Amino acid sequence: MNLDFELNLSQQQKLVMTQQMQMSIKMLQMSSIELNEYVERELEENPLLEKEYVEKSEENSINKENDFNDKIDYDKFMKYLDFENYSHENNYKGEDEVSPFNFISRQESLREYLIKQLGEIQIKNSQKNICKYIIENLDGKGYLPDSISDIALQLNVNEDKVLNALKIVQSLEPDGIGARNLEECLKLQLEKKNINDEKLFYIIDNHLNNIAENKYNAIAKDLDITPKDAQEYGDVIKKLEPKPSRGFYTGDETKFIAPDAFVKKIDEEFFIIMNDNSIPRLSINNTYKTIIAGGESKDAEEYVKNKINSAVFLMKSIEQRKSTLYSVLKEIIDYQKEYFDKGIKYLKPMTLKDIADKIGMHESTVSRAIREKYIYTERGIVKIKDLFTTGISSESSSSDSMSSSSVKGKIKDLIEKEDESSPLSDQKICDLLNSQGMNISRRTVAKYREEMNIKSSSKRKRY
């Protein structure tokens, strides 16, 4: 057997992503909330980093064009800390720069609101303590999940005292608070409104599912009334609040969206204003310069240099994220000018590739740049991703197409103008749109209608 071994040299190009490059890409796709959380962790771990909200001029910002792997000249960096706005002493915020956010009041919790009302009622302390216990045990919706017997056992009191305390809690605002189920919640609200129609209470106990399904014929038959009367009863019930805690802080609140940029129209031209307040501005604490300047401890000097590198990388990555998003938004606004001018009906089909090709980026970079990011426009807050839509062909012109968002707008318009006593079926909507030159199927109409949370024709019918 002849084994022939050869040693060959070959040359190949290979892209190796450094840890910093990977982190930079990861930061690009972070939402404002995720980036804020990441920055907070870095602030805890890096003593050289400080948070500040003073605006920096362009000449004072670290050059974001430099490669992440550039070496830092520490002698120059010390002078930079001494004389530029990143110095610790220059971060004072004067009285003229007080943030308006300082005047936003803390959201009152449901528990605090109920306890405050309880303090205004003249009852015995023993009874008040039972009421407080009930309030403390309300769930996120404002319901009482515990049974009367369980509470009586836990507090070592008789059930009548617990029932009386519960009635006191249920007399407080908001209406329906302290209910043990949905039915009781709705009926408590009717009682507060002095509505005592027995048919309403009967429908709540026996026909809530039929109301949800718009099956008023079944209710009418059971109560020996007309479907129109049954629907009017349903309208009263639908106006009640199934979740009394709504509007109060319960510990599981919805986070507010912070737009990454504002789109403003000035003199027929659109401008992009990046929201610098959505992410904390960072500076470097120059008190550590003495460790490098002194040279007394090599370990300490090395530690500070590593932390400076880390801090500079973070600030440059945030600037690069901002710059990339700006470039993407600039092309989106140019591409969708009619949408920003006239509204959703004028949203053109647009893909990631359309924008990527214009700015010379890869589609994946554009995708990361817009992930979970929002802009504030004259029509409110818009998720950037929603501006990218597929097209639906139009028979009227081979080059003409409409975005799915535009089609949804037309479907919504047709439904809003329909005869409520004879609502349009999905097939009828499909036929109407096709008569306008759109090539759309009934299944697509149903899909878009459901995405807009619009009920089917049978559930939209009014008697």
# chains A, B, ... in the order shown; residues from 1 in each chain; ligands from 1
call {"tool": "residues_around", "arguments": {"residues": "A:Ile384", "least_positions_apart": "3", "cutoff": "8 Å", "atoms": "only C-alpha atoms", "output": "PyMOL selection string"}}
result
chain A and resi 370-375+387-388
call {"tool": "select_by_dssp", "arguments": {"residues": "stretch 201-386 of chain A", "states": "helix (DSSP H, G or I)", "output": "MDAnalysis selection string"}}
result
chainID A and resid 201:206 208:212 216:223 227:238 276:278 286:294 298:335 337:342 344:346 352:359 363:370 384:386
call {"tool": "residues_around", "arguments": {"residues": "A:Gln336", "least_positions_apart": "6", "cutoff": "12 Å", "atoms": "only C-alpha atoms", "output": "PyMOL selection string"}}
result
chain A and resi 270+329-330+342-351+354-355+384+387-389+403
call {"tool": "write_last_selection", "arguments": {"atoms": "N, CA, C and O atoms", "output": "compact mmCIF listing (two decimals), in the first residue's frame"}}
result
# COMPACT_ATOMS: atom_id res chain seq x y z
N PHE A 270 -39.36 66.76 5.12
CA PHE A 270 -39.36 65.94 6.32
C PHE A 270 -37.96 65.90 6.94
O PHE A 270 -36.96 65.73 6.24
N LEU A 329 -33.70 55.30 8.29
CA LEU A 329 -34.90 56.13 8.35
C LEU A 329 -34.94 57.15 7.21
O LEU A 329 -36.00 57.43 6.64
N LYS A 330 -33.78 57.71 6.89
CA LYS A 330 -33.70 58.70 5.81
C LYS A 330 -34.19 58.12 4.49
O LYS A 330 -34.96 58.74 3.76
N LYS A 342 -49.78 61.74 3.31
CA LYS A 342 -51.22 61.54 3.14
C LYS A 342 -51.83 60.41 3.97
O LYS A 342 -53.05 60.32 4.06
N GLY A 343 -51.02 59.53 4.53
CA GLY A 343 -51.59 58.49 5.38
C GLY A 343 -51.44 57.08 4.87
O GLY A 343 -50.84 56.82 3.82
N ILE A 344 -52.03 56.14 5.62
CA ILE A 344 -51.82 54.70 5.44
C ILE A 344 -52.20 54.20 4.05
O ILE A 344 -51.60 53.26 3.53
N LYS A 345 -53.19 54.82 3.41
CA LYS A 345 -53.63 54.35 2.09
C LYS A 345 -52.53 54.51 1.04
O LYS A 345 -52.59 53.89 -0.02
N TYR A 346 -51.57 55.36 1.32
CA TYR A 346 -50.51 55.64 0.35
C TYR A 346 -49.20 54.92 0.69
O TYR A 346 -48.16 55.24 0.12
N LEU A 347 -49.27 53.96 1.60
CA LEU A 347 -48.08 53.19 1.94
C LEU A 347 -47.74 52.25 0.80
O LEU A 347 -48.54 51.39 0.42
N LYS A 348 -46.55 52.38 0.23
CA LYS A 348 -46.14 51.56 -0.90
C LYS A 348 -45.50 50.26 -0.42
O LYS A 348 -44.89 50.23 0.66
N PRO A 349 -45.59 49.19 -1.21
CA PRO A 349 -44.86 47.97 -0.88
C PRO A 349 -43.37 48.27 -0.79
O PRO A 349 -42.82 48.95 -1.64
N MET A 350 -42.74 47.82 0.27
CA MET A 350 -41.32 48.10 0.49
C MET A 350 -40.69 46.93 1.23
O MET A 350 -41.24 46.44 2.21
N THR A 351 -39.57 46.47 0.74
CA THR A 351 -38.88 45.34 1.36
C THR A 351 -37.56 45.80 1.97
O THR A 351 -37.08 46.91 1.70
N ASP A 354 -35.06 46.68 -0.69
CA ASP A 354 -35.22 48.00 -1.31
C ASP A 354 -34.39 49.04 -0.58
O ASP A 354 -33.71 49.87 -1.21
N ILE A 355 -34.44 49.02 0.75
CA ILE A 355 -33.70 50.00 1.56
C ILE A 355 -32.22 49.64 1.63
O ILE A 355 -31.35 50.51 1.52
N ILE A 384 -41.45 50.86 13.12
CA ILE A 384 -40.76 50.98 11.83
C ILE A 384 -41.00 49.74 10.97
O ILE A 384 -41.19 49.84 9.75
N LEU A 387 -43.80 49.56 8.40
CA LEU A 387 -43.70 50.29 7.13
C LEU A 387 -43.20 49.40 6.00
O LEU A 387 -43.27 49.78 4.83
N PHE A 388 -42.68 48.23 6.37
CA PHE A 388 -42.23 47.26 5.36
C PHE A 388 -43.38 46.30 5.10
O PHE A 388 -43.78 45.53 5.97
N THR A 389 -43.95 46.37 3.90
CA THR A 389 -45.09 45.53 3.58
C THR A 389 -44.93 44.90 2.21
O THR A 389 -44.26 45.45 1.33
N SER A 403 -49.73 48.09 -0.94
CA SER A 403 -49.22 47.39 0.22
C SER A 403 -50.39 46.73 0.96
O SER A 403 -51.55 47.11 0.81
call {"tool": "closest_atom_pairs", "arguments": {"of": "stretch 163-278 of chain A", "to": "stretch 113-120 of chain A", "cutoff": "8 Å", "atoms": "only C-alpha atoms", "output": "Markdown table"}}
result
| residue | atom | partner | partner_atom | distance |
| --- | --- | --- | --- | --- |
| A:Val169 | CA | A:Leu114 | CA | 7.9 |
| A:Leu172 | CA | A:Leu114 | CA | 6.9 |
| A:Glu173 | CA | A:Leu114 | CA | 7.3 |
call {"tool": "atom_distance", "arguments": {"atom1": "atom CA of A:Asp224", "atom2": "atom CA of A:Ala212"}}
result
19.8 Å
call {"tool": "residues_around", "arguments": {"residues": "A:Met274", "least_positions_apart": "3", "cutoff": "10 Å", "atoms": "only C-alpha atoms", "output": "PyMOL selection string"}}
result
chain A and resi 259-263+271+277-278+322-323+325-326+375
